[in-house]
file upload_23.csv (CSV, C-alpha atoms and all ligand atoms)
chain,number,residue,atom,x,y,z
A,1,MET,CA,1.0,228.2,50.9
A,2,THR,CA,1.9,229.1,54.4
A,3,ASN,CA,4.7,231.6,54.7
A,4,ARG,CA,7.0,232.0,57.7
A,5,LYS,CA,6.1,235.7,57.9
A,6,THR,CA,2.4,235.4,57.6
A,7,ALA,CA,1.7,232.3,59.7
A,8,LYS,CA,-0.9,232.9,62.3
A,9,ALA,CA,0.7,230.3,64.6
A,10,VAL,CA,4.1,228.6,64.8
A,11,LEU,CA,4.0,225.3,66.6
A,12,PHE,CA,7.3,224.3,68.3
A,13,ASP,CA,8.5,220.8,69.2
A,14,MET,CA,10.6,221.0,72.4
A,15,ASP,CA,13.4,218.3,72.6
A,16,GLY,CA,15.9,218.8,69.9
A,17,VAL,CA,14.4,222.2,68.9
A,18,LEU,CA,14.2,224.4,72.0
A,19,PHE,CA,16.5,222.4,74.2
A,20,ASP,CA,19.6,220.3,73.3
A,21,SER,CA,18.1,217.4,75.3
A,22,MET,CA,18.3,214.6,72.8
A,23,PRO,CA,21.9,213.5,73.5
A,24,ASN,CA,20.7,212.9,77.1
A,25,HIS,CA,17.7,210.9,76.1
A,26,ALA,CA,19.7,208.9,73.5
A,27,TYR,CA,22.4,208.1,76.1
A,28,ALA,CA,19.8,207.1,78.7
A,29,TRP,CA,18.0,204.7,76.4
A,30,SER,CA,21.3,203.1,75.2
A,31,GLN,CA,22.7,202.7,78.7
A,32,SER,CA,19.6,201.4,80.5
A,33,MET,CA,18.4,198.7,78.0
A,34,THR,CA,21.2,196.1,78.4
A,35,GLN,CA,20.3,195.1,81.9
A,36,PHE,CA,17.0,193.9,80.5
A,37,GLY,CA,18.6,192.0,77.6
A,38,LEU,CA,17.5,194.7,75.1
A,39,LYS,CA,19.8,196.8,72.9
A,40,MET,CA,19.3,200.3,71.6
A,41,THR,CA,22.1,202.4,70.0
A,42,THR,CA,22.0,206.1,70.5
A,43,LYS,CA,21.3,206.5,66.8
A,44,GLU,CA,18.2,204.3,67.0
A,45,ALA,CA,17.0,206.4,70.0
A,46,TYR,CA,17.0,209.4,67.6
A,47,LEU,CA,14.8,207.4,65.2
A,48,HIS,CA,12.2,206.8,67.9
A,49,GLU,CA,12.2,210.3,69.2
A,50,GLY,CA,8.7,211.5,69.9
A,51,ARG,CA,7.3,208.0,70.4
A,52,THR,CA,5.9,207.2,73.8
A,53,GLY,CA,8.2,205.3,76.2
A,54,SER,CA,5.8,202.4,76.1
A,55,GLY,CA,5.7,202.2,72.3
A,56,THR,CA,9.5,202.3,72.1
A,57,ILE,CA,9.9,199.6,74.7
A,58,ASN,CA,7.5,197.3,72.8
A,59,ILE,CA,9.4,197.6,69.6
A,60,LEU,CA,12.5,196.3,71.4
A,61,ALA,CA,10.5,193.7,73.3
A,62,GLN,CA,9.2,192.4,70.0
A,63,ARG,CA,12.6,192.3,68.5
A,64,TYR,CA,14.5,190.6,71.3
A,65,TRP,CA,11.8,188.7,73.2
A,66,GLY,CA,9.3,188.1,70.3
A,67,ARG,CA,6.4,189.5,72.3
A,68,ASP,CA,5.1,192.7,73.8
A,69,ALA,CA,6.4,193.9,77.2
A,70,THR,CA,4.0,193.6,80.1
A,71,GLU,CA,2.9,196.7,81.9
A,72,GLU,CA,5.2,195.8,84.8
A,73,GLU,CA,8.2,195.4,82.5
A,74,LYS,CA,7.4,198.7,80.7
A,75,HIS,CA,7.3,200.4,84.1
A,76,SER,CA,10.6,199.1,85.3
A,77,ILE,CA,12.4,199.7,82.0
A,78,TYR,CA,11.1,203.2,81.7
A,79,GLU,CA,12.1,203.8,85.3
A,80,ALA,CA,15.6,202.6,84.6
A,81,LYS,CA,15.8,204.9,81.6
A,82,THR,CA,14.6,207.9,83.6
A,83,ARG,CA,17.1,207.1,86.4
A,84,VAL,CA,20.0,207.4,83.9
A,85,PHE,CA,18.4,210.5,82.2
A,86,ASN,CA,18.3,212.2,85.6
A,87,THR,CA,22.1,211.7,86.1
A,88,CYS,CA,22.8,213.6,82.9
A,89,PRO,CA,23.9,217.2,82.9
A,90,GLU,CA,21.0,219.7,82.5
A,91,ALA,CA,20.1,220.2,78.8
A,92,LEU,CA,20.9,223.7,77.6
A,93,PRO,CA,18.6,225.8,75.4
A,94,MET,CA,19.3,225.1,71.7
A,95,PRO,CA,21.5,227.9,70.3
A,96,GLY,CA,19.4,230.1,68.1
A,97,ALA,CA,16.0,229.0,69.6
A,98,LEU,CA,15.5,232.3,71.5
A,99,ASP,CA,16.3,234.2,68.4
A,100,VAL,CA,13.6,232.3,66.4
A,101,LEU,CA,11.0,232.7,69.1
A,102,GLN,CA,11.7,236.5,69.3
A,103,ARG,CA,11.2,236.9,65.5
A,104,VAL,CA,8.0,234.9,65.7
A,105,LYS,CA,6.7,237.0,68.6
A,106,ARG,CA,7.7,240.2,66.9
A,107,GLN,CA,5.7,239.4,63.8
A,108,GLY,CA,2.6,238.7,65.9
A,109,SER,CA,2.3,235.0,65.3
A,110,LEU,CA,1.0,232.8,68.1
A,111,ILE,CA,3.7,230.6,69.7
A,112,VAL,CA,2.4,227.0,70.5
A,113,LEU,CA,4.3,224.2,72.2
A,114,VAL,CA,3.7,220.6,71.0
A,115,THR,CA,5.8,218.1,72.8
A,116,GLY,CA,5.5,214.4,73.6
A,117,SER,CA,7.4,215.1,76.9
A,118,ALA,CA,5.5,215.1,80.1
A,119,GLN,CA,8.5,216.0,82.3
A,120,ALA,CA,7.5,218.8,84.5
A,121,SER,CA,11.2,219.9,84.9
A,122,LEU,CA,11.6,220.7,81.2
A,123,LEU,CA,8.3,222.5,81.0
A,124,ASP,CA,9.2,224.7,84.0
A,125,ARG,CA,12.5,225.5,82.3
A,126,LEU,CA,10.7,227.0,79.3
A,127,GLU,CA,9.8,230.1,81.4
A,128,THR,CA,13.4,230.4,82.7
A,129,HIS,CA,15.1,230.3,79.4
A,130,PHE,CA,12.4,231.7,77.1
A,131,PRO,CA,10.5,234.2,79.4
A,132,GLY,CA,7.2,235.4,78.2
A,133,MET,CA,7.2,233.2,75.1
A,134,PHE,CA,4.9,230.3,76.1
A,135,CYS,CA,1.6,230.2,78.0
A,136,PRO,CA,-0.1,227.1,79.5
A,137,GLU,CA,-3.2,227.6,77.3
A,138,LEU,CA,-1.1,227.1,74.1
A,139,MET,CA,0.8,223.9,75.2
A,140,VAL,CA,0.2,220.3,74.2
A,141,THR,CA,2.2,217.8,76.2
A,142,GLY,CA,2.5,214.1,76.6
A,143,ASN,CA,-0.2,214.3,79.2
A,144,ASP,CA,-2.8,215.6,76.8
A,145,VAL,CA,-2.7,213.1,73.9
A,146,LYS,CA,-3.8,209.5,73.5
A,147,MET,CA,-1.9,208.5,70.3
A,148,GLY,CA,1.1,210.8,70.2
A,149,LYS,CA,3.6,211.3,67.4
A,150,PRO,CA,3.7,209.9,64.6
A,151,PHE,CA,-0.1,210.3,64.7
A,152,PRO,CA,-1.3,213.8,63.8
A,153,GLU,CA,-3.2,214.1,67.1
A,154,PRO,CA,-0.8,216.4,69.0
A,155,TYR,CA,-0.5,218.8,66.2
A,156,LEU,CA,-4.2,218.9,65.5
A,157,MET,CA,-4.7,219.6,69.2
A,158,GLY,CA,-2.2,222.5,68.9
A,159,LEU,CA,-4.1,224.0,65.9
A,160,ASP,CA,-7.3,223.7,67.9
A,161,LYS,CA,-5.8,225.5,71.0
A,162,ALA,CA,-4.5,228.3,68.8
A,163,GLY,CA,-7.8,228.5,66.9
A,164,VAL,CA,-6.1,228.3,63.5
A,165,ARG,CA,-6.3,226.1,60.4
A,166,ALA,CA,-3.5,223.8,59.2
A,167,ASP,CA,-2.8,226.1,56.3
A,168,GLU,CA,-2.4,229.1,58.6
A,169,ALA,CA,0.3,227.4,60.7
A,170,ILE,CA,3.9,226.3,60.5
A,171,VAL,CA,5.6,223.5,62.6
A,172,ILE,CA,9.3,223.4,63.6
A,173,GLU,CA,10.4,219.8,64.3
A,174,ASN,CA,13.6,217.9,64.4
A,175,ALA,CA,12.5,214.2,64.6
A,176,PRO,CA,11.3,211.9,61.8
A,177,LEU,CA,8.2,210.8,63.8
A,178,GLY,CA,7.4,214.4,64.7
A,179,ILE,CA,7.7,215.5,61.1
A,180,GLN,CA,5.4,212.6,60.1
A,181,ALA,CA,2.8,213.8,62.7
A,182,SER,CA,2.9,217.4,61.5
A,183,HIS,CA,2.8,216.4,57.8
A,184,ALA,CA,-0.2,214.1,58.5
A,185,ALA,CA,-1.9,217.1,60.2
A,186,GLY,CA,-1.5,219.0,56.9
A,187,ILE,CA,0.9,221.6,58.3
A,188,TYR,CA,3.9,223.1,56.5
A,189,THR,CA,6.8,221.6,58.3
A,190,ILE,CA,10.3,223.1,58.8
A,191,ALA,CA,12.8,220.6,60.0
A,192,VAL,CA,15.9,221.5,61.9
A,193,ASN,CA,18.4,218.6,61.7
A,194,THR,CA,20.0,219.0,65.1
A,195,GLY,CA,20.8,215.2,65.6
A,196,PRO,CA,22.9,212.6,63.8
A,197,LEU,CA,20.4,211.4,61.2
A,198,ASP,CA,20.7,212.0,57.5
A,199,ASN,CA,18.6,214.7,55.9
A,200,ASP,CA,17.1,212.0,53.6
A,201,ILE,CA,15.2,210.5,56.6
A,202,LEU,CA,13.7,213.9,57.4
A,203,TRP,CA,12.7,214.5,53.7
A,204,GLU,CA,11.1,211.0,53.6
A,205,SER,CA,9.2,211.8,56.7
A,206,GLY,CA,7.6,214.8,55.0
A,207,ALA,CA,9.7,217.8,55.8
A,208,ASP,CA,9.0,220.8,53.5
A,209,GLU,CA,12.3,222.6,54.3
A,210,ILE,CA,15.4,221.5,56.2
A,211,PHE,CA,17.8,223.7,58.1
A,212,PRO,CA,20.9,222.4,59.9
A,213,ASP,CA,20.0,224.2,63.2
A,214,MET,CA,18.0,226.9,64.8
A,215,THR,CA,20.7,229.5,64.3
A,216,GLU,CA,20.5,229.1,60.5
A,217,LEU,CA,16.7,229.1,60.7
A,218,ALA,CA,16.8,232.4,62.7
A,219,LYS,CA,19.1,233.9,60.0
A,220,ALA,CA,16.7,232.9,57.2
A,221,TRP,CA,13.5,234.0,59.0
B,301,MG,MG,12.1,216.8,69.0
call {"tool": "encode", "arguments": {"input": "upload_23.csv", "output": "structure tokens"}}
result
Amino acid sequence: MTNRKTAKAVLFDMDGVLFDSMPNHAYAWSQSMTQFGLKMTTKEAYLHEGRTGSGTINILAQRYWGRDATEEEKHSIYEAKTRVFNTCPEALPMPGALDVLQRVKRQGSLIVLVTGSAQASLLDRLETHFPGMFCPELMVTGNDVKMGKPFPEPYLMGLDKAGVRADEAIVIENAPLGIQASHAAGIYTIAVNTGPLDNDILWESGADEIFPDMTELAKAW
């Protein structure tokens, strides 16, 4: 079995793992939906984390309208969500994340980013807060994938970019759908429960280990 110390590559999710950005996303979803006659609690936003915006909007459209959202509706709803998100304070790096990255780098494992996000601002901020840790050749973003989490595609793409097999890698994830994606890709999955969900949901999604946060993971590394 893959071991933290001997993994050839460690694949990192971004929101909720490297940056404390999930409260902003959850707030933006919950605030922006009501004007369209849709409703999402912040807790539900955490359950959808990792899904594409379009996929999330369709789930609500089906529930409240009994049909899929049109492309036009998806566009205006996602725009409204983004507008609220952009008014939120800048998300800070997750405490302990730099420590974990430094340990991974020191032991010689490759560091790979696998995120559903396509927001250029967050990607730029990786270099500011975690200098020298990430390189563009070892990044999978929302722009690269067709299916996205919970499908294994983004993590399989991450393995491919790193040139390692599933049993030579480890994933660090916080979200149920991200854990499902990693598990489906056959990769040992360490969950950090940085949000409001119960550990049970992360176990059921396929987590192999759960830590309360990145600081505790760094200590255990
Ligand atoms: Mg995440």
call {"tool": "residues_around", "arguments": {"input": "upload_23.csv", "residues": "Asn193 of chain A", "least_positions_apart": "2", "cutoff": "10 Å", "atoms": "all atoms listed in the file", "output": "list in words"}}
result
Gly16, Val17, Glu173, Asn174, Ala175, Pro176, Ile190, Ala191, Gly195, Pro196, Leu197, Asp198, Asn199, Leu202, Ile210, Phe211, Pro212, Asp213 and Met214 of chain A
call {"tool": "residues_near_ligand", "arguments": {"input": "upload_23.csv", "ligand": "ligand MG 301 (chain B)", "cutoff": "10 Å", "atoms": "all atoms listed in the file", "output": "PyMOL selection string"}}
result
chain A and resi 12-22+46+49-50+114-117+172-179+191-195
call {"tool": "residues_near_point", "arguments": {"input": "upload_23.csv", "point": "(2.2, 206.9, 64.4)", "cutoff": "9 Å", "atoms": "all atoms listed in the file", "output": "list in words"}}
result
Arg51, Met147, Gly148, Lys149, Pro150, Phe151, Pro152, Leu177, Gln180 and Ala181 of chain A
call {"tool": "closest_residue", "arguments": {"input": "upload_23.csv", "among": "A:Lys8, A:Lys43, A:Lys74, A:Lys161", "to": "Leu60 of chain A", "atoms": "all atoms listed in the file"}}
result
A:Lys74
call {"tool": "closest_residue", "arguments": {"input": "upload_23.csv", "among": "A:Ser32, A:Thr41, A:Asn24, A:Ser76", "to": "Ser54 of chain A", "atoms": "all atoms listed in the file"}}
result
A:Ser76
call {"tool": "atom_distance", "arguments": {"input": "upload_23.csv", "atom1": "atom CA of Ala185 of chain A", "atom2": "atom CA of Gly55 of chain A"}}
result
20.6 Å
call {"tool": "residues_near_point", "arguments": {"input": "upload_23.csv", "point": "(1.5, 232.4, 71.1)", "cutoff": "9 Å", "atoms": "all atoms listed in the file", "output": "PyMOL selection string"}}
result
chain A and resi 9-11+104-105+108-113+133-135+138+162
call {"tool": "write_last_selection", "arguments": {"input": "upload_23.csv", "atoms": "C-alpha atoms", "output": "CSV table (one decimal), in the coordinates of the input"}}
result
chain,number,residue,atom,x,y,z
A,9,ALA,CA,0.7,230.3,64.6
A,10,VAL,CA,4.1,228.6,64.8
A,11,LEU,CA,4.0,225.3,66.6
A,104,VAL,CA,8.0,234.9,65.7
A,105,LYS,CA,6.7,237.0,68.6
A,108,GLY,CA,2.6,238.7,65.9
A,109,SER,CA,2.3,235.0,65.3
A,110,LEU,CA,1.0,232.8,68.1
A,111,ILE,CA,3.7,230.6,69.7
A,112,VAL,CA,2.4,227.0,70.5
A,113,LEU,CA,4.3,224.2,72.2
A,133,MET,CA,7.2,233.2,75.1
A,134,PHE,CA,4.9,230.3,76.1
A,135,CYS,CA,1.6,230.2,78.0
A,138,LEU,CA,-1.1,227.1,74.1
A,162,ALA,CA,-4.5,228.3,68.8
